[in-house]
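File shown: my_file-v2.cif. Contents: mmCIF, C-alpha atoms and all ligand atoms.
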```
data_work
loop_
_atom_site.group_PDB
_atom_site.id
_atom_site.type_symbol
_atom_site.label_atom_id
_atom_site.label_comp_id
_atom_site.auth_asym_id
_atom_site.auth_seq_id
_atom_site.Cartn_x
_atom_site.Cartn_y
_atom_site.Cartn_z
ATOM 1 C CA MET A 841 120.330 55.898 73.749
ATOM 2 C CA LEU A 842 119.391 52.412 74.968
ATOM 3 C CA ILE A 843 119.011 51.120 78.526
ATOM 4 C CA ASP A 844 119.899 47.518 79.329
ATOM 5 C CA THR A 845 117.617 47.105 82.332
ATOM 6 C CA HIS A 846 118.928 43.693 83.368
ATOM 7 C CA ALA A 847 122.644 42.866 83.199
ATOM 8 C CA HIS A 848 125.005 40.892 85.423
ATOM 9 C CA LEU A 849 128.399 42.537 84.961
ATOM 10 C CA ASN A 850 128.624 41.912 88.712
ATOM 11 C CA PHE A 851 128.962 38.139 88.029
ATOM 12 C CA ASN A 852 132.264 36.261 87.806
ATOM 13 C CA ASP A 853 132.002 35.949 84.017
ATOM 14 C CA PHE A 854 132.996 39.631 83.862
ATOM 15 C CA ARG A 855 135.398 39.642 86.806
ATOM 16 C CA SER A 856 138.452 40.478 84.720
ATOM 17 C CA ASP A 857 136.966 42.927 82.221
ATOM 18 C CA PHE A 858 133.727 44.530 83.479
ATOM 19 C CA ASP A 859 135.348 47.938 83.215
ATOM 20 C CA GLU A 860 136.127 47.496 79.510
ATOM 21 C CA VAL A 861 132.652 46.082 78.878
ATOM 22 C CA ILE A 862 131.103 49.129 80.570
ATOM 23 C CA LYS A 863 133.293 51.536 78.607
ATOM 24 C CA ARG A 864 132.228 49.881 75.352
ATOM 25 C CA SER A 865 128.593 50.230 76.382
ATOM 26 C CA LEU A 866 128.811 53.865 77.432
ATOM 27 C CA ALA A 867 130.673 54.659 74.187
ATOM 28 C CA GLU A 868 127.606 53.327 72.321
ATOM 29 C CA ASP A 869 125.276 55.256 74.639
ATOM 30 C CA VAL A 870 123.960 52.116 76.341
ATOM 31 C CA TRP A 871 123.132 52.575 80.037
ATOM 32 C CA ILE A 872 123.107 49.560 82.351
ATOM 33 C CA ILE A 873 121.346 48.288 85.452
ATOM 34 C CA ASN A 874 123.365 45.494 87.058
ATOM 35 C CA VAL A 875 121.123 43.161 89.011
ATOM 36 C CA GLY A 876 122.071 41.247 92.154
ATOM 37 C CA SER A 877 121.103 37.641 92.839
ATOM 38 C CA ASN A 878 122.411 37.288 96.417
ATOM 39 C CA TYR A 879 124.141 39.494 98.976
ATOM 40 C CA GLU A 880 127.609 39.239 97.379
ATOM 41 C CA THR A 881 126.492 40.005 93.828
ATOM 42 C CA SER A 882 124.191 42.773 95.085
ATOM 43 C CA LYS A 883 127.109 44.393 96.904
ATOM 44 C CA LYS A 884 129.251 44.046 93.787
ATOM 45 C CA ALA A 885 126.549 45.674 91.633
ATOM 46 C CA VAL A 886 126.550 48.665 93.984
ATOM 47 C CA GLU A 887 130.358 48.869 93.997
ATOM 48 C CA ILE A 888 130.460 48.885 90.202
ATOM 49 C CA ALA A 889 127.755 51.567 89.961
ATOM 50 C CA GLU A 890 129.595 53.769 92.455
ATOM 51 C CA ARG A 891 132.615 53.903 90.122
ATOM 52 C CA TYR A 892 130.682 55.762 87.429
ATOM 53 C CA GLU A 893 129.167 59.172 87.578
ATOM 54 C CA LYS A 894 126.352 58.430 85.163
ATOM 55 C CA GLY A 895 124.661 55.601 83.285
ATOM 56 C CA ILE A 896 125.459 52.632 85.560
ATOM 57 C CA TYR A 897 122.961 51.614 88.246
ATOM 58 C CA ALA A 898 122.284 48.691 90.591
ATOM 59 C CA ALA A 899 119.444 46.501 91.846
ATOM 60 C CA ILE A 900 119.809 44.399 94.982
ATOM 61 C CA GLY A 901 117.997 41.249 96.038
ATOM 62 C CA LEU A 902 118.038 37.534 96.795
ATOM 63 C CA HIS A 903 117.062 35.402 93.777
ATOM 64 C CA PRO A 904 114.598 32.578 94.573
ATOM 65 C CA ILE A 905 117.041 29.802 93.679
ATOM 66 C CA HIS A 906 119.578 31.250 96.151
ATOM 67 C CA VAL A 907 117.088 31.214 99.002
ATOM 68 C CA LYS A 908 118.406 27.735 99.773
ATOM 69 C CA ASP A 909 122.026 28.925 100.288
ATOM 70 C CA GLU A 910 121.513 32.281 102.017
ATOM 71 C CA ASN A 911 119.347 33.331 104.924
ATOM 72 C CA PHE A 912 117.712 36.570 103.877
ATOM 73 C CA ASN A 913 118.785 39.347 106.204
ATOM 74 C CA ALA A 914 116.803 42.508 105.477
ATOM 75 C CA SER A 915 119.077 44.775 107.497
ATOM 76 C CA LYS A 916 122.159 43.751 105.471
ATOM 77 C CA TYR A 917 120.357 44.600 102.238
ATOM 78 C CA ARG A 918 118.909 47.754 103.759
ATOM 79 C CA SER A 919 122.394 48.969 104.614
ATOM 80 C CA LEU A 920 123.433 48.654 100.941
ATOM 81 C CA CYS A 921 120.689 51.138 100.151
ATOM 82 C CA GLN A 922 122.780 54.029 101.396
ATOM 83 C CA SER A 923 123.870 54.290 97.769
ATOM 84 C CA ASP A 924 121.739 56.480 95.534
ATOM 85 C CA LYS A 925 122.757 54.245 92.596
ATOM 86 C CA ILE A 926 120.228 51.615 93.733
ATOM 87 C CA VAL A 927 117.172 51.866 91.535
ATOM 88 C CA ALA A 928 115.267 48.655 92.369
ATOM 89 C CA ILE A 929 114.903 45.568 94.536
ATOM 90 C CA GLY A 930 115.669 42.525 92.384
ATOM 91 C CA GLU A 931 115.897 40.051 91.098
ATOM 92 C CA ILE A 932 113.385 38.463 93.422
ATOM 93 C CA GLY A 933 110.410 36.183 92.894
ATOM 94 C CA LEU A 934 109.566 32.521 92.413
ATOM 95 C CA ASP A 935 111.339 29.787 90.480
ATOM 96 C CA TYR A 936 109.608 26.404 90.138
ATOM 97 C CA PHE A 937 111.755 25.265 87.216
ATOM 98 C CA LYS A 938 112.911 22.254 89.198
ATOM 99 C CA ASP A 939 110.653 20.459 91.607
ATOM 100 C CA TYR A 940 111.704 22.148 94.804
ATOM 101 C CA GLY A 941 108.930 20.630 96.950
ATOM 102 C CA LEU A 942 108.628 22.356 100.295
ATOM 103 C CA PHE A 943 111.236 24.854 99.220
ATOM 104 C CA LYS A 944 108.424 26.692 97.418
ATOM 105 C CA GLU A 945 107.079 27.914 100.745
ATOM 106 C CA LYS A 946 110.499 29.254 101.716
ATOM 107 C CA GLN A 947 110.744 31.076 98.375
ATOM 108 C CA LYS A 948 107.370 32.708 98.975
ATOM 109 C CA GLU A 949 108.295 33.736 102.506
ATOM 110 C CA VAL A 950 111.575 35.394 101.439
ATOM 111 C CA PHE A 951 109.883 36.969 98.432
ATOM 112 C CA LEU A 952 107.277 38.610 100.688
ATOM 113 C CA GLN A 953 109.994 39.921 103.013
ATOM 114 C CA GLN A 954 111.712 41.533 100.031
ATOM 115 C CA LEU A 955 108.454 43.010 98.737
ATOM 116 C CA ASN A 956 108.113 44.667 102.127
ATOM 117 C CA LEU A 957 111.641 46.021 101.858
ATOM 118 C CA ALA A 958 110.831 47.485 98.437
ATOM 119 C CA LYS A 959 107.727 49.116 99.881
ATOM 120 C CA GLU A 960 109.653 50.495 102.846
ATOM 121 C CA LEU A 961 112.363 51.955 100.585
ATOM 122 C CA ASN A 962 109.868 53.061 97.954
ATOM 123 C CA LEU A 963 111.694 51.182 95.182
ATOM 124 C CA PRO A 964 110.284 49.332 92.169
ATOM 125 C CA VAL A 965 110.844 45.573 91.856
ATOM 126 C CA ILE A 966 112.553 43.402 89.230
ATOM 127 C CA PHE A 967 110.686 40.074 89.277
ATOM 128 C CA HIS A 968 112.162 36.716 88.330
ATOM 129 C CA CYS A 969 109.496 34.103 87.613
ATOM 130 C CA ARG A 970 109.926 30.627 86.152
ATOM 131 C CA LYS A 971 106.983 28.249 85.893
ATOM 132 C CA ALA A 972 105.280 30.121 88.739
ATOM 133 C CA HIS A 973 103.113 32.783 87.109
ATOM 134 C CA ASN A 974 99.891 31.740 88.830
ATOM 135 C CA ASP A 975 101.447 31.991 92.300
ATOM 136 C CA LEU A 976 103.218 35.247 91.431
ATOM 137 C CA LEU A 977 100.017 36.794 90.104
ATOM 138 C CA GLU A 978 98.177 35.763 93.252
ATOM 139 C CA ILE A 979 100.808 37.399 95.479
ATOM 140 C CA LEU A 980 100.908 40.573 93.394
ATOM 141 C CA ARG A 981 97.123 40.923 93.505
ATOM 142 C CA GLU A 982 97.434 41.201 97.281
ATOM 143 C CA ASN A 983 100.603 43.324 97.397
ATOM 144 C CA GLN A 984 100.514 46.532 95.467
ATOM 145 C CA THR A 985 103.859 47.439 93.948
ATOM 146 C CA SER A 986 105.454 48.638 90.708
ATOM 147 C CA GLY A 987 108.041 46.834 88.625
ATOM 148 C CA VAL A 988 108.982 44.641 85.701
ATOM 149 C CA ILE A 989 108.456 40.949 85.000
ATOM 150 C CA HIS A 990 111.989 40.250 83.822
ATOM 151 C CA CYS A 991 112.647 37.734 81.019
ATOM 152 C CA PHE A 992 108.951 37.221 80.385
ATOM 153 C CA THR A 993 108.100 33.795 78.961
ATOM 154 C CA GLY A 994 104.440 33.402 79.885
ATOM 155 C CA THR A 995 101.343 33.327 77.703
ATOM 156 C CA TRP A 996 99.529 36.395 76.358
ATOM 157 C CA LYS A 997 96.780 35.760 78.918
ATOM 158 C CA GLN A 998 99.314 35.987 81.760
ATOM 159 C CA ALA A 999 101.004 38.983 80.135
ATOM 160 C CA LYS A 1000 97.641 40.741 80.006
ATOM 161 C CA GLU A 1001 97.113 40.179 83.724
ATOM 162 C CA TYR A 1002 100.474 41.779 84.564
ATOM 163 C CA LEU A 1003 99.773 44.668 82.193
ATOM 164 C CA ASP A 1004 96.365 45.229 83.801
ATOM 165 C CA MET A 1005 98.217 45.583 87.126
ATOM 166 C CA ARG A 1006 100.445 48.187 85.421
ATOM 167 C CA PHE A 1007 103.644 46.103 85.404
ATOM 168 C CA TYR A 1008 106.197 46.276 82.614
ATOM 169 C CA LEU A 1009 107.388 43.187 80.718
ATOM 170 C CA GLY A 1010 111.137 42.629 80.254
ATOM 171 C CA ILE A 1011 112.045 41.283 76.809
ATOM 172 C CA ASN A 1012 115.437 39.715 76.108
ATOM 173 C CA GLY A 1013 117.177 36.992 74.080
ATOM 174 C CA ILE A 1014 114.868 34.313 75.450
ATOM 175 C CA MET A 1015 112.739 35.387 72.463
ATOM 176 C CA TYR A 1016 115.068 33.259 70.334
ATOM 177 C CA LYS A 1017 114.113 30.172 72.373
ATOM 178 C CA PHE A 1018 110.418 30.763 73.172
ATOM 179 C CA ASP A 1019 107.815 32.012 70.759
ATOM 180 C CA LEU A 1020 106.990 35.442 72.176
ATOM 181 C CA LYS A 1021 105.712 36.987 68.948
ATOM 182 C CA GLU A 1022 102.110 37.309 70.114
ATOM 183 C CA VAL A 1023 103.149 38.787 73.472
ATOM 184 C CA ILE A 1024 105.529 41.288 71.841
ATOM 185 C CA LYS A 1025 103.001 42.255 69.186
ATOM 186 C CA LYS A 1026 100.133 42.816 71.617
ATOM 187 C CA THR A 1027 102.034 44.455 74.498
ATOM 188 C CA PRO A 1028 101.928 48.258 74.136
ATOM 189 C CA LEU A 1029 105.431 49.621 73.477
ATOM 190 C CA ASP A 1030 105.159 51.849 76.528
ATOM 191 C CA LYS A 1031 104.974 48.728 78.725
ATOM 192 C CA ILE A 1032 108.119 47.022 77.358
ATOM 193 C CA LEU A 1033 111.577 47.157 78.926
ATOM 194 C CA ILE A 1034 114.592 45.772 77.082
ATOM 195 C CA GLU A 1035 117.345 43.736 78.703
ATOM 196 C CA THR A 1036 120.252 41.430 77.868
ATOM 197 C CA ASP A 1037 120.428 39.279 81.062
ATOM 198 C CA CYS A 1038 124.119 39.066 80.123
ATOM 199 C CA PRO A 1039 126.243 36.940 80.310
ATOM 200 C CA TYR A 1040 123.278 34.699 79.404
ATOM 201 C CA LEU A 1041 120.860 34.586 76.450
ATOM 202 C CA THR A 1042 123.193 35.941 73.773
ATOM 203 C CA PRO A 1043 121.338 37.048 70.612
ATOM 204 C CA LEU A 1044 122.308 34.836 67.660
ATOM 205 C CA GLN A 1045 123.476 37.881 65.684
ATOM 206 C CA ALA A 1046 126.208 38.686 68.217
ATOM 207 C CA GLY A 1047 128.389 35.866 66.941
ATOM 208 C CA VAL A 1048 130.122 35.307 70.288
ATOM 209 C CA GLU A 1049 129.263 33.161 73.258
ATOM 210 C CA ARG A 1050 129.120 35.664 76.126
ATOM 211 C CA ASN A 1051 126.372 38.254 76.026
ATOM 212 C CA GLU A 1052 127.037 41.908 76.968
ATOM 213 C CA PRO A 1053 125.088 45.190 77.035
ATOM 214 C CA VAL A 1054 126.068 46.453 73.545
ATOM 215 C CA PHE A 1055 124.141 43.504 72.068
ATOM 216 C CA ILE A 1056 120.899 45.039 73.357
ATOM 217 C CA LYS A 1057 120.565 46.604 69.898
ATOM 218 C CA TYR A 1058 119.644 43.192 68.455
ATOM 219 C CA ILE A 1059 116.729 42.904 70.882
ATOM 220 C CA VAL A 1060 115.557 46.358 69.777
ATOM 221 C CA GLN A 1061 115.869 45.362 66.110
ATOM 222 C CA ASP A 1062 113.807 42.240 66.598
ATOM 223 C CA ILE A 1063 111.096 43.975 68.631
ATOM 224 C CA ALA A 1064 110.917 46.633 65.884
ATOM 225 C CA LYS A 1065 110.570 43.915 63.253
ATOM 226 C CA ILE A 1066 107.800 42.074 65.132
ATOM 227 C CA LYS A 1067 105.868 45.266 65.865
ATOM 228 C CA ASP A 1068 106.577 46.640 62.368
ATOM 229 C CA ILE A 1069 107.834 50.007 63.638
ATOM 230 C CA ASP A 1070 111.239 51.636 63.362
ATOM 231 C CA PHE A 1071 114.287 51.062 65.542
ATOM 232 C CA GLN A 1072 114.379 54.625 66.887
ATOM 233 C CA LYS A 1073 110.803 54.440 68.091
ATOM 234 C CA VAL A 1074 111.576 51.273 70.101
ATOM 235 C CA ALA A 1075 114.833 52.781 71.406
ATOM 236 C CA GLN A 1076 113.239 56.032 72.540
ATOM 237 C CA THR A 1077 110.118 54.571 74.100
ATOM 238 C CA THR A 1078 111.834 51.746 75.991
ATOM 239 C CA SER A 1079 114.499 54.159 77.311
ATOM 240 C CA GLN A 1080 111.782 56.483 78.539
ATOM 241 C CA ASN A 1081 109.982 53.520 80.140
ATOM 242 C CA ALA A 1082 113.140 52.558 82.033
ATOM 243 C CA ARG A 1083 113.726 56.145 83.122
ATOM 244 C CA ASN A 1084 110.154 56.416 84.376
ATOM 245 C CA LEU A 1085 110.142 53.144 86.312
ATOM 246 C CA PHE A 1086 113.643 53.402 87.812
ATOM 247 C CA ARG A 1087 113.625 57.214 88.113
ATOM 248 C CA ILE A 1088 116.959 57.669 86.348
HETATM 249 ZN ZN ZN B 1101 119.095 37.886 85.770
#
```

Output the structure of this file as structure tokens.
Ligand SMILES: [Zn+2]
Amino acid sequence: MLIDTHAHLNFNDFRSDFDEVIKRSLAEDVWIINVGSNYETSKKAVEIAERYEKGIYAAIGLHPIHVKDENFNASKYRSLCQSDKIVAIGEIGLDYFKDYGLFKEKQKEVFLQQLNLAKELNLPVIFHCRKAHNDLLEILRENQTSGVIHCFTGTWKQAKEYLDMRFYLGINGIMYKFDLKEVIKKTPLDKILIETDCPYLTPLQAGVERNEPVFIKYIVQDIAKIKDIDFQKVAQTTSQNARNLFRI
């Protein structure tokens, strides 16, 4: 079994065939957490999860880059949480990839509101962070929570700080663009979660353009290679990690 802890089958790229994609995944014993990025995609993630008895879950949240197009309304998100398929608040965080100027303050404000929601609902958090690790670390030092730093691309020094605060690191196909060898090698296997971030970040080996959960096996293969351990060990440990964090 493998668990893709960060997928977006709730996005338009999968509008016409998410059901087939999910069936393919479940047939290969790959479980999926679909992650929301605004209210609409969060709602869709919940709707998809509700269609399946087992193996498909949802996370809900307002992504930092969407803070500019949606006013965060905690009660709307709270009402989605009636579903027991919701396993996390996410993806939420900070994104300074472009120079957003004053918009940074707005991102921080909405991020803190969502951290409070996670605390209130006793849910772990899926963090999105681009070019903002110092600010994220500062906020997390003051707000105790559990969760995963999704799509980690920071340095080993930053990784170590998250690990010392007991967070997991999410590893995906960004490893084919950034050199994450040192981070992957030094991070204990029991602190790694695997993810596709599909439809994005397709592993080269997949041979198609659109990523999907069954391609998670390539991430496992490459982590196994870097850590010089076998595939099954990575599969079992990362699945257990996901089950522990998301209580599934
Ligand atoms: Zn994502």

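With atom CA of A:Arg864 on one side and atom CA of A:Leu920 on the other, the separation reads 27.1 Å.
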
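Among A:Ala885, A:Ala914, A:Ala847, A:Leu842, the residue with the shortest atom-to-atom distance to ligand ZN 1101 (chain B), counting all atoms listed in the file, is A:Ala847.
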
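Closest to ligand ZN 1101 (chain B) among A:Val875, A:Val870, A:Leu1085, A:Ile979 is A:Val875, based on all atoms listed in the file.
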
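For the structure in this document, the set picked by the PyMOL selection byres (((chain A and resi 983) around 12) and not hetatm) is Phe951, Leu952, Gln953, Gln954, Leu955, Asn956, Ala958, Lys959, Val965, Leu976, Leu977, Glu978, Ile979, Leu980, Arg981, Glu982, Gln984, Thr985, Ser986 and Met1005 of chain A.
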
TODO: Pick out the residues sitting within 8 Å of A:Arg970, and hand them over as number ranges by chain; count all atoms listed in the file, and ignore anything fewer than 2 positions along from it in its own chain.
DONE: A: 934-937, 968, 972-973

Polymer residues at most 12 Å from stretch 854-863 of chain A, all atoms listed in the file, same-chain spacing of 5 or more positions, as a short mmCIF file (atom, residue, chain, number, x, y, z; two decimals) with C-alpha atoms, in the frame of the given file:
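What ended up in part-v9.cif:
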```cif
data_model
loop_
_atom_site.label_atom_id
_atom_site.label_comp_id
_atom_site.auth_asym_id
_atom_site.auth_seq_id
_atom_site.Cartn_x
_atom_site.Cartn_y
_atom_site.Cartn_z
CA ASP A 844 119.90 47.52 79.33
CA ALA A 847 122.64 42.87 83.20
CA HIS A 848 125.00 40.89 85.42
CA LEU A 849 128.40 42.54 84.96
CA GLU A 868 127.61 53.33 72.32
CA ASP A 869 125.28 55.26 74.64
CA VAL A 870 123.96 52.12 76.34
CA TRP A 871 123.13 52.58 80.04
CA ILE A 872 123.11 49.56 82.35
CA ILE A 873 121.35 48.29 85.45
CA ASN A 874 123.36 45.49 87.06
CA THR A 881 126.49 40.01 93.83
CA LYS A 884 129.25 44.05 93.79
CA ALA A 885 126.55 45.67 91.63
CA GLU A 887 130.36 48.87 94.00
CA ILE A 888 130.46 48.88 90.20
CA ALA A 889 127.76 51.57 89.96
CA ARG A 891 132.62 53.90 90.12
CA TYR A 892 130.68 55.76 87.43
CA LYS A 894 126.35 58.43 85.16
CA GLY A 895 124.66 55.60 83.28
CA ILE A 896 125.46 52.63 85.56
CA TYR A 897 122.96 51.61 88.25
CA CYS A 1038 124.12 39.07 80.12
CA PRO A 1039 126.24 36.94 80.31
CA TYR A 1040 123.28 34.70 79.40
CA ARG A 1050 129.12 35.66 76.13
CA ASN A 1051 126.37 38.25 76.03
CA GLU A 1052 127.04 41.91 76.97
CA PRO A 1053 125.09 45.19 77.04
CA VAL A 1054 126.07 46.45 73.54
CA PHE A 1055 124.14 43.50 72.07
#
```

TODO: Go through the chains and note each residue within 12 Å of ligand ZN 1101 (chain B), using all atoms listed in the file, then give the set as a PyMOL selection string.
DONE: chain A and resi 844-851+873-878+881-882+899-905+930-933+966-970+989-992+1010-1014+1035-1041

Kindly list the centre and edge lengths in Å, rounded to one decimal, for the axis-aligned box that covers all listed atoms of stretch 856-859 of chain A plus 6 Å on each of its six sides, as lines of an AutoDock Vina configuration file.
```
center_x = 136.1
center_y = 44.2
center_z = 83.5
size_x = 16.7
size_y = 19.5
size_z = 14.5
```

Open item on the list: Please report the interatomic distance between atom CA of A:Val988 and atom CA of A:Asp1019 in Å with one decimal.
Closed with: 19.6 Å

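With distances restricted to all atoms listed in the file, A:Val1074 is the closest residue to A:Ile1034 from A:Leu963, A:Ala1046, A:Leu1003, A:Val1074.
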
Open item on the list: Given the PyMOL selection byres (((chain A and resi 943) around 12) and not hetatm) and the file above, list the residues it selects as a PyMOL selection string.
Closed with: chain A and resi 904-909+934-936+938-942+944-950

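For the pair atom CA of A:Phe912 and atom CA of A:Val927, the interatomic distance is 19.7 Å.
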
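Distances to A:Thr1078 were evaluated for A:Ala867, A:Val886, A:Ile843, A:Val1023 using all atoms listed in the file, and the minimum falls at A:Ile843.
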
Task: Residues matched by the PyMOL selection byres (((chain A and resi 1032) around 6) and not hetatm) as a list in words - done: Tyr1008, Leu1009, Leu1029, Asp1030, Lys1031 and Leu1033 of chain A

Open item on the list: I'd like the contact shell of A:Gln1076 - 8 Å cut-off, only C-alpha atoms, skipping same-chain residues fewer than 3 positions apart - returned as JSON, numbers by chain.
Closed with: {"A": [841, 842, 1072, 1073, 1079, 1080]}

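You can rank A:Thr1077, A:Asn913, A:Asp853, A:Cys921 by their closest distance to A:Lys883 using only C-alpha atoms, and at the top of that list sits A:Cys921.
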
- [ ] Using only C-alpha atoms, pick whichever of A:Leu866, A:Tyr1002, A:Tyr917, A:Gly987 has the shortest atom-to-atom distance to A:Glu893.
- [x] A:Leu866

- [ ] Write out as a PyMOL selection string the residues lying within 8 Å of A:Tyr1058, counting only C-alpha atoms and excluding same-chain residues fewer than 4 positions away.
- [x] chain A and resi 1043+1045-1046+1062
